[in-house]
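Dumped my_file14.pdb below, it's PDB, C-alpha atoms, pLDDT in the B column:
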```pdb
ATOM      1  CA  MET A   1       0.000   0.000   0.000  1.00 98.00           C
ATOM      2  CA  SER A   2       1.222   3.467  -0.889  1.00 98.00           C
ATOM      3  CA  VAL A   3      -0.273   6.887  -1.558  1.00 98.00           C
ATOM      4  CA  ASP A   4      -0.007   6.270  -5.322  1.00 98.00           C
ATOM      5  CA  SER A   5      -3.166   5.749  -7.364  1.00 98.00           C
ATOM      6  CA  VAL A   6      -4.171   2.352  -8.780  1.00 98.00           C
ATOM      7  CA  PHE A   7      -3.326   3.766 -12.216  1.00 98.00           C
ATOM      8  CA  VAL A   8       0.287   4.428 -11.208  1.00 98.00           C
ATOM      9  CA  HIS A   9       0.387   0.978  -9.544  1.00 98.00           C
ATOM     10  CA  LYS A  10      -0.607  -0.521 -12.912  1.00 98.00           C
ATOM     11  CA  MET A  11       2.085   1.408 -14.785  1.00 98.00           C
ATOM     12  CA  TRP A  12       4.760   0.489 -12.223  1.00 98.00           C
ATOM     13  CA  ASN A  13       3.759  -3.176 -12.375  1.00 98.00           C
ATOM     14  CA  ASP A  14       3.555  -3.277 -16.177  1.00 98.00           C
ATOM     15  CA  HIS A  15       6.675  -1.268 -16.956  1.00 97.00           C
ATOM     16  CA  GLU A  16       9.115  -2.144 -14.182  1.00 98.00           C
ATOM     17  CA  LEU A  17       8.063  -4.744 -11.597  1.00 98.00           C
ATOM     18  CA  SER A  18       6.985  -7.288 -14.206  1.00 97.00           C
ATOM     19  CA  LYS A  19      10.595  -7.177 -15.443  1.00 98.00           C
ATOM     20  CA  MET A  20      11.762  -8.244 -11.962  1.00 97.00           C
ATOM     21  CA  VAL A  21       8.977 -10.700 -11.113  1.00 97.00           C
ATOM     22  CA  LYS A  22       7.759 -13.054 -13.834  1.00 97.00           C
ATOM     23  CA  GLY A  23       4.054 -12.506 -14.462  1.00 96.00           C
ATOM     24  CA  GLY A  24       4.007  -9.302 -12.410  1.00 97.00           C
ATOM     25  CA  ILE A  25       2.946  -8.712  -8.830  1.00 98.00           C
ATOM     26  CA  PRO A  26       0.542 -11.498  -7.757  1.00 98.00           C
ATOM     27  CA  PHE A  27      -1.004  -9.772  -4.725  1.00 98.00           C
ATOM     28  CA  PRO A  28      -3.207  -6.633  -4.593  1.00 98.00           C
ATOM     29  CA  MET A  29      -1.305  -3.329  -4.824  1.00 98.00           C
ATOM     30  CA  LEU A  30      -3.360  -1.094  -2.542  1.00 98.00           C
ATOM     31  CA  SER A  31      -3.848   2.632  -3.002  1.00 98.00           C
ATOM     32  CA  ASP A  32      -4.139   5.007  -0.059  1.00 98.00           C
ATOM     33  CA  GLY A  33      -4.393   8.501  -1.508  1.00 96.00           C
ATOM     34  CA  GLY A  34      -4.082  11.047   1.310  1.00 95.00           C
ATOM     35  CA  GLY A  35      -2.633   8.439   3.660  1.00 97.00           C
ATOM     36  CA  LYS A  36      -5.850   7.926   5.646  1.00 97.00           C
ATOM     37  CA  VAL A  37      -5.225   4.212   6.190  1.00 98.00           C
ATOM     38  CA  GLY A  38      -1.510   4.785   6.811  1.00 98.00           C
ATOM     39  CA  ASP A  39      -2.478   7.327   9.438  1.00 97.00           C
ATOM     40  CA  VAL A  40      -4.492   4.867  11.541  1.00 97.00           C
ATOM     41  CA  PHE A  41      -1.627   2.362  11.235  1.00 98.00           C
ATOM     42  CA  GLY A  42       0.803   5.062  12.411  1.00 97.00           C
ATOM     43  CA  VAL A  43       2.999   5.009   9.294  1.00 98.00           C
ATOM     44  CA  TYR A  44       1.867   8.099   7.353  1.00 97.00           C
ATOM     45  CA  LEU A  45       4.628  10.714   7.279  1.00 97.00           C
ATOM     46  CA  GLN A  46       2.671  13.939   7.123  1.00 96.00           C
ATOM     47  CA  ASP A  47       5.555  16.271   6.178  1.00 96.00           C
ATOM     48  CA  ALA A  48       6.702  14.130   3.251  1.00 96.00           C
ATOM     49  CA  GLY A  49       3.164  13.071   2.284  1.00 97.00           C
ATOM     50  CA  VAL A  50       4.255   9.443   1.926  1.00 97.00           C
ATOM     51  CA  GLU A  51       4.101   6.254   3.970  1.00 98.00           C
ATOM     52  CA  ALA A  52       7.043   4.734   5.842  1.00 98.00           C
ATOM     53  CA  ARG A  53       8.041   1.092   5.286  1.00 98.00           C
ATOM     54  CA  GLY A  54       5.501  -0.398   7.685  1.00 98.00           C
ATOM     55  CA  ARG A  55       5.001  -4.178   7.697  1.00 98.00           C
ATOM     56  CA  PHE A  56       2.207  -5.727   9.744  1.00 98.00           C
ATOM     57  CA  ILE A  57       1.644  -9.442  10.375  1.00 98.00           C
ATOM     58  CA  ILE A  58      -2.072 -10.009  10.966  1.00 98.00           C
ATOM     59  CA  ASP A  59      -3.308 -13.433  12.110  1.00 98.00           C
ATOM     60  CA  PRO A  60      -6.514 -15.237  10.983  1.00 98.00           C
ATOM     61  CA  ASP A  61      -8.460 -13.558  13.838  1.00 98.00           C
ATOM     62  CA  GLY A  62      -7.458 -10.096  12.578  1.00 98.00           C
ATOM     63  CA  ILE A  63      -5.011  -9.591  15.451  1.00 98.00           C
ATOM     64  CA  ILE A  64      -1.739  -7.774  14.786  1.00 98.00           C
ATOM     65  CA  GLN A  65       0.997 -10.150  15.938  1.00 98.00           C
ATOM     66  CA  GLY A  66       3.944  -8.009  14.919  1.00 98.00           C
ATOM     67  CA  PHE A  67       5.034  -4.971  13.004  1.00 98.00           C
ATOM     68  CA  GLU A  68       8.169  -3.247  11.796  1.00 98.00           C
ATOM     69  CA  VAL A  69       8.454   0.323  10.571  1.00 98.00           C
ATOM     70  CA  LEU A  70      11.506   1.687   8.736  1.00 97.00           C
ATOM     71  CA  THR A  71      12.228   5.122   7.308  1.00 96.00           C
ATOM     72  CA  PRO A  72      12.330   5.160   3.489  1.00 94.00           C
ATOM     73  CA  PRO A  73      16.051   4.634   2.650  1.00 95.00           C
ATOM     74  CA  VAL A  74      16.449   1.159   4.191  1.00 96.00           C
ATOM     75  CA  GLY A  75      14.750  -1.890   2.683  1.00 96.00           C
ATOM     76  CA  ARG A  76      13.169  -4.783   4.557  1.00 97.00           C
ATOM     77  CA  ASN A  77      14.420  -8.336   5.080  1.00 97.00           C
ATOM     78  CA  VAL A  78      11.812 -10.604   3.525  1.00 97.00           C
ATOM     79  CA  MET A  79      13.305 -13.766   5.058  1.00 97.00           C
ATOM     80  CA  GLU A  80      12.944 -12.285   8.540  1.00 97.00           C
ATOM     81  CA  SER A  81       9.267 -11.559   7.878  1.00 98.00           C
ATOM     82  CA  ILE A  82       8.769 -15.151   6.706  1.00 98.00           C
ATOM     83  CA  ARG A  83      10.608 -16.470   9.784  1.00 98.00           C
ATOM     84  CA  GLN A  84       8.331 -14.450  12.062  1.00 98.00           C
ATOM     85  CA  ILE A  85       5.204 -15.714  10.284  1.00 98.00           C
ATOM     86  CA  GLN A  86       6.450 -19.315  10.641  1.00 98.00           C
ATOM     87  CA  ALA A  87       7.084 -18.712  14.349  1.00 98.00           C
ATOM     88  CA  PHE A  88       3.648 -17.156  14.949  1.00 98.00           C
ATOM     89  CA  GLN A  89       2.010 -19.997  13.033  1.00 98.00           C
ATOM     90  CA  HIS A  90       3.875 -22.562  15.143  1.00 98.00           C
ATOM     91  CA  VAL A  91       2.860 -20.876  18.409  1.00 97.00           C
ATOM     92  CA  ARG A  92      -0.746 -20.731  17.205  1.00 98.00           C
ATOM     93  CA  LYS A  93      -0.714 -24.407  16.194  1.00 97.00           C
ATOM     94  CA  THR A  94       0.467 -25.426  19.685  1.00 97.00           C
ATOM     95  CA  LYS A  95      -2.147 -23.103  21.235  1.00 96.00           C
ATOM     96  CA  GLY A  96       0.618 -21.321  23.121  1.00 90.00           C
ATOM     97  CA  ALA A  97       2.097 -24.497  24.693  1.00 96.00           C
ATOM     98  CA  GLU A  98       5.348 -23.759  22.865  1.00 97.00           C
ATOM     99  CA  ALA A  99       7.263 -20.513  22.444  1.00 97.00           C
ATOM    100  CA  THR A 100      10.013 -19.757  19.954  1.00 97.00           C
ATOM    101  CA  PRO A 101      13.252 -18.441  21.453  1.00 97.00           C
ATOM    102  CA  SER A 102      15.574 -15.885  19.854  1.00 96.00           C
ATOM    103  CA  GLY A 103      16.838 -16.982  16.457  1.00 95.00           C
ATOM    104  CA  TRP A 104      14.261 -19.777  16.148  1.00 97.00           C
ATOM    105  CA  LYS A 105      13.399 -21.074  12.724  1.00 96.00           C
ATOM    106  CA  PRO A 106      11.619 -24.277  11.656  1.00 96.00           C
ATOM    107  CA  GLY A 107      13.628 -27.308  12.789  1.00 95.00           C
ATOM    108  CA  LYS A 108      15.197 -25.573  15.784  1.00 95.00           C
ATOM    109  CA  PRO A 109      13.994 -26.474  19.313  1.00 95.00           C
ATOM    110  CA  THR A 110      11.144 -24.519  20.850  1.00 96.00           C
ATOM    111  CA  ILE A 111      10.645 -23.763  24.525  1.00 95.00           C
ATOM    112  CA  LYS A 112       7.765 -25.166  26.596  1.00 96.00           C
ATOM    113  CA  PRO A 113       7.057 -22.593  29.299  1.00 94.00           C
ATOM    114  CA  GLY A 114       6.004 -23.940  32.705  1.00 93.00           C
ATOM    115  CA  PRO A 115       6.973 -24.036  36.377  1.00 95.00           C
ATOM    116  CA  ASP A 116       9.728 -26.635  35.801  1.00 94.00           C
ATOM    117  CA  LEU A 117      11.510 -24.377  33.320  1.00 95.00           C
ATOM    118  CA  VAL A 118      11.859 -21.374  35.618  1.00 96.00           C
ATOM    119  CA  GLY A 119      15.565 -20.716  36.117  1.00 96.00           C
ATOM    120  CA  LYS A 120      16.421 -23.672  33.851  1.00 95.00           C
ATOM    121  CA  VAL A 121      16.307 -22.050  30.434  1.00 95.00           C
ATOM    122  CA  TRP A 122      20.127 -22.015  30.430  1.00 95.00           C
ATOM    123  CA  GLU A 123      20.043 -25.829  30.420  1.00 95.00           C
ATOM    124  CA  VAL A 124      17.901 -26.116  27.281  1.00 93.00           C
ATOM    125  CA  TRP A 125      18.861 -22.989  25.330  1.00 94.00           C
ATOM    126  CA  LYS A 126      22.362 -21.748  24.512  1.00 94.00           C
ATOM    127  CA  THR A 127      23.220 -18.294  23.181  1.00 94.00           C
ATOM    128  CA  LYS A 128      24.761 -19.775  20.040  1.00 94.00           C
ATOM    129  CA  MET A 129      21.263 -21.008  19.141  1.00 93.00           C
ATOM    130  CA  ALA A 130      20.296 -17.370  18.519  1.00 94.00           C
ATOM    131  CA  PHE A 131      22.519 -17.347  15.441  1.00 92.00           C
ATOM    132  CA  ASP A 132      22.408 -19.151  12.143  1.00 83.00           C
ATOM    133  CA  ASP A 133      24.876 -22.021  11.761  1.00 71.00           C
TER
ATOM    134  CA  MET B   1     -13.711 -12.164  -2.233  1.00 66.00           C
ATOM    135  CA  ALA B   2     -12.815  -8.838  -3.846  1.00 78.00           C
ATOM    136  CA  GLU B   3     -15.287  -7.305  -6.267  1.00 78.00           C
ATOM    137  CA  GLU B   4     -14.111  -5.420  -9.328  1.00 80.00           C
ATOM    138  CA  ILE B   5     -14.800  -1.701  -9.025  1.00 74.00           C
ATOM    139  CA  LYS B   6     -14.361   1.715 -10.487  1.00 71.00           C
ATOM    140  CA  ALA B   7     -11.309   3.250  -8.816  1.00 63.00           C
ATOM    141  CA  GLY B   8     -12.290   5.120  -5.644  1.00 70.00           C
ATOM    142  CA  CYS B   9     -10.709   6.199  -2.376  1.00 79.00           C
ATOM    143  CA  ALA B  10      -9.236   4.222   0.508  1.00 86.00           C
ATOM    144  CA  ARG B  11     -10.895   4.727   3.851  1.00 86.00           C
ATOM    145  CA  PRO B  12     -10.611   3.275   7.330  1.00 89.00           C
ATOM    146  CA  THR B  13     -14.014   1.873   8.331  1.00 86.00           C
ATOM    147  CA  GLY B  14     -13.631   3.289  11.839  1.00 85.00           C
ATOM    148  CA  GLY B  15     -13.366   0.047  13.798  1.00 87.00           C
ATOM    149  CA  PRO B  16     -11.270  -3.073  14.274  1.00 90.00           C
ATOM    150  CA  VAL B  17     -11.565  -5.945  11.806  1.00 89.00           C
ATOM    151  CA  GLY B  18     -14.600  -8.153  12.287  1.00 86.00           C
ATOM    152  CA  GLU B  19     -16.509  -5.606  14.368  1.00 83.00           C
ATOM    153  CA  LYS B  20     -19.198  -3.101  13.415  1.00 75.00           C
ATOM    154  CA  PRO B  21     -18.047   0.539  13.338  1.00 70.00           C
ATOM    155  CA  ALA B  22     -19.293   2.596  16.266  1.00 66.00           C
ATOM    156  CA  ALA B  23     -22.861   3.800  15.630  1.00 60.00           C
ATOM    157  CA  LYS B  24     -23.114   7.354  14.322  1.00 56.00           C
ATOM    158  CA  LYS B  25     -24.656   9.861  16.715  1.00 55.00           C
ATOM    159  CA  GLY B  26     -27.555  12.093  15.633  1.00 56.00           C
ATOM    160  CA  THR B  27     -26.586  14.830  13.185  1.00 55.00           C
ATOM    161  CA  THR B  28     -27.906  17.573  15.490  1.00 58.00           C
ATOM    162  CA  GLU B  29     -25.106  17.007  17.977  1.00 59.00           C
ATOM    163  CA  GLU B  30     -21.981  19.131  17.892  1.00 58.00           C
ATOM    164  CA  PRO B  31     -19.155  17.248  16.219  1.00 56.00           C
ATOM    165  CA  VAL B  32     -16.661  16.103  18.835  1.00 58.00           C
ATOM    166  CA  ILE B  33     -13.102  17.029  17.953  1.00 55.00           C
ATOM    167  CA  LYS B  34     -10.847  14.359  19.346  1.00 56.00           C
ATOM    168  CA  GLU B  35      -7.191  13.637  19.001  1.00 57.00           C
ATOM    169  CA  VAL B  36      -6.498  11.175  16.224  1.00 57.00           C
ATOM    170  CA  LYS B  37      -4.757   8.271  17.898  1.00 64.00           C
ATOM    171  CA  SER B  38      -3.056   5.380  16.201  1.00 66.00           C
ATOM    172  CA  MET B  39      -5.110   2.216  16.755  1.00 80.00           C
ATOM    173  CA  VAL B  40      -2.196  -0.135  16.317  1.00 94.00           C
ATOM    174  CA  THR B  41      -1.008  -2.360  19.179  1.00 96.00           C
ATOM    175  CA  VAL B  42       0.400  -5.875  19.022  1.00 97.00           C
ATOM    176  CA  GLY B  43      -2.061  -8.414  20.397  1.00 97.00           C
ATOM    177  CA  LYS B  44      -4.996  -6.173  19.419  1.00 97.00           C
ATOM    178  CA  LYS B  45      -7.196  -6.261  16.331  1.00 97.00           C
ATOM    179  CA  ALA B  46      -6.032  -4.371  13.263  1.00 98.00           C
ATOM    180  CA  PRO B  47      -8.013  -1.305  12.214  1.00 97.00           C
ATOM    181  CA  ASP B  48     -10.292  -2.316   9.345  1.00 97.00           C
ATOM    182  CA  PHE B  49     -10.224  -0.451   6.022  1.00 98.00           C
ATOM    183  CA  THR B  50     -11.324  -0.619   2.422  1.00 98.00           C
ATOM    184  CA  ALA B  51      -8.948   0.418  -0.336  1.00 98.00           C
ATOM    185  CA  PRO B  52      -8.875   0.346  -4.127  1.00 98.00           C
ATOM    186  CA  ALA B  53      -6.188  -1.899  -5.555  1.00 98.00           C
ATOM    187  CA  TYR B  54      -4.615  -3.097  -8.768  1.00 98.00           C
ATOM    188  CA  GLN B  55      -4.178  -6.864  -9.125  1.00 98.00           C
ATOM    189  CA  LYS B  56      -3.359  -8.852 -12.240  1.00 97.00           C
ATOM    190  CA  GLY B  57      -4.974  -6.539 -14.792  1.00 97.00           C
ATOM    191  CA  LYS B  58      -7.989  -5.532 -12.693  1.00 98.00           C
ATOM    192  CA  PHE B  59      -8.964  -2.677 -10.417  1.00 98.00           C
ATOM    193  CA  ILE B  60     -10.557  -4.172  -7.317  1.00 98.00           C
ATOM    194  CA  ASN B  61     -11.748  -3.088  -3.904  1.00 98.00           C
ATOM    195  CA  VAL B  62     -10.003  -4.741  -0.952  1.00 98.00           C
ATOM    196  CA  LYS B  63     -11.437  -4.901   2.562  1.00 98.00           C
ATOM    197  CA  LEU B  64      -9.092  -6.119   5.282  1.00 98.00           C
ATOM    198  CA  SER B  65     -11.865  -7.949   7.156  1.00 97.00           C
ATOM    199  CA  ASP B  66     -12.558 -10.070   4.039  1.00 98.00           C
ATOM    200  CA  TYR B  67      -9.245 -11.777   4.867  1.00 98.00           C
ATOM    201  CA  LEU B  68     -10.329 -13.000   8.316  1.00 98.00           C
ATOM    202  CA  GLY B  69      -9.332 -16.673   8.482  1.00 98.00           C
ATOM    203  CA  LYS B  70      -6.085 -16.058   6.603  1.00 98.00           C
ATOM    204  CA  TRP B  71      -2.665 -14.757   7.555  1.00 98.00           C
ATOM    205  CA  VAL B  72      -2.094 -11.296   6.107  1.00 98.00           C
ATOM    206  CA  VAL B  73       1.097  -9.323   5.537  1.00 98.00           C
ATOM    207  CA  LEU B  74       0.229  -5.654   5.050  1.00 98.00           C
ATOM    208  CA  CYS B  75       3.127  -3.609   3.671  1.00 98.00           C
ATOM    209  CA  PHE B  76       3.337   0.153   3.301  1.00 98.00           C
ATOM    210  CA  TYR B  77       6.066   1.780   1.211  1.00 98.00           C
ATOM    211  CA  PRO B  78       6.977   5.351   0.223  1.00 98.00           C
ATOM    212  CA  GLY B  79       6.179   5.317  -3.462  1.00 98.00           C
ATOM    213  CA  ASP B  80       5.938   3.649  -6.858  1.00 98.00           C
ATOM    214  CA  PHE B  81       8.961   4.091  -9.145  1.00 97.00           C
ATOM    215  CA  THR B  82      11.237   4.853  -6.207  1.00 95.00           C
ATOM    216  CA  PHE B  83      14.421   2.947  -5.605  1.00 94.00           C
ATOM    217  CA  VAL B  84      14.471   0.700  -2.539  1.00 93.00           C
TER
END
```
structure tokens encoding of this file:
Amino acid sequence: MSVDSVFVHKMWNDHELSKMVKGGIPFPMLSDGGGKVGDVFGVYLQDAGVEARGRFIIDPDGIIQGFEVLTPPVGRNVMESIRQIQAFQHVRKTKGAEATPSGWKPGKPTIKPGPDLVGKVWEVWKTKMAFDD
Amino acid sequence: MAEEIKAGCARPTGGPVGEKPAAKKGTTEEPVIKEVKSMVTVGKKAPDFTAPAYQKGKFINVKLSDYLGKWVVLCFYPGDFTFV
């Protein structure tokens, strides 16, 4: 979503993005002229009249599970967004019985919070597990 | 899910997804000027909105609450034909 019109979205897709992504952009390119939607999400930059790089993960109940907002010059990390979605989906699947520690990705051990784990996290989780191998 | 439309304007519906917007008061009342406050908090429902969109050759109208039951990634960015 940006403040550009759907007509500019079409031109950008047809003339540039479709040269980067085969078949063009598959998802809806949303238009928010005036930044009204960006304003309620807290990402509309009034002075510049544009929207910051806000990224919101919304679960199937419509609940915002996470967001990240960057100023315009720095791009996002798509793999980190995917990792977070995988983690939120895992937590949801276990109905909160499992939590995903720092650096978790599919295949890495989760944590099962409970009275027996208090003060014992150091036994099951090491700081090196926060980093990729 | 998304009907094809003539291009219009995006607007927040005034409530969280999956809930009815607050009922409008009678028109005779003085309009209440209140501070516009961001409605975004993790663990809380997203503000609902409708917005025109371009997707695969069509202009459509997208409503966030139509995506209840699915995971959604909503991305804002500064502008088309910019560089990052």
Provide as a ChimeraX atom specification the residues of chain A at most 6 Å from chain B, counting only C-alpha atoms.
/A:1-2,6,28-32,37,40-42,50-66,75
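Straight-line separation from CA of Pro109 (chain A) to CA of Ala130 (chain A): 11.1 Å.
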Name the residues in contact with Lys108 (chain A) at a cut-off of 12 Å, using only C-alpha atoms, excluding same-chain residues fewer than 3 positions from it; report them as a PyMOL selection string.
chain A and resi 83+86-87+90+99-105+111+124-126+128-133
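Rounded to one decimal, CA of Ile82 (chain A) and CA of Lys112 (chain A) lie 22.3 Å from each other.
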Using Å and a single decimal, report how far CA of Lys95 (chain A) sits from CA of Pro115 (chain A).
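Distance between the two atoms: 17.7 Å.
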Which polymer residues, protein or nucleic acid, are no farther than 12 Å from (5.8, -6.4, -10.4), counting all atoms listed in the file, as number ranges by chain?
A: 9-29; B: 54-57, 80-81
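In this comparison, which uses all atoms listed in the file, the residue of A:Val3, A:Glu80, A:Asp47, A:Val8 approaching Gly34 (chain A) most closely is A:Val3.
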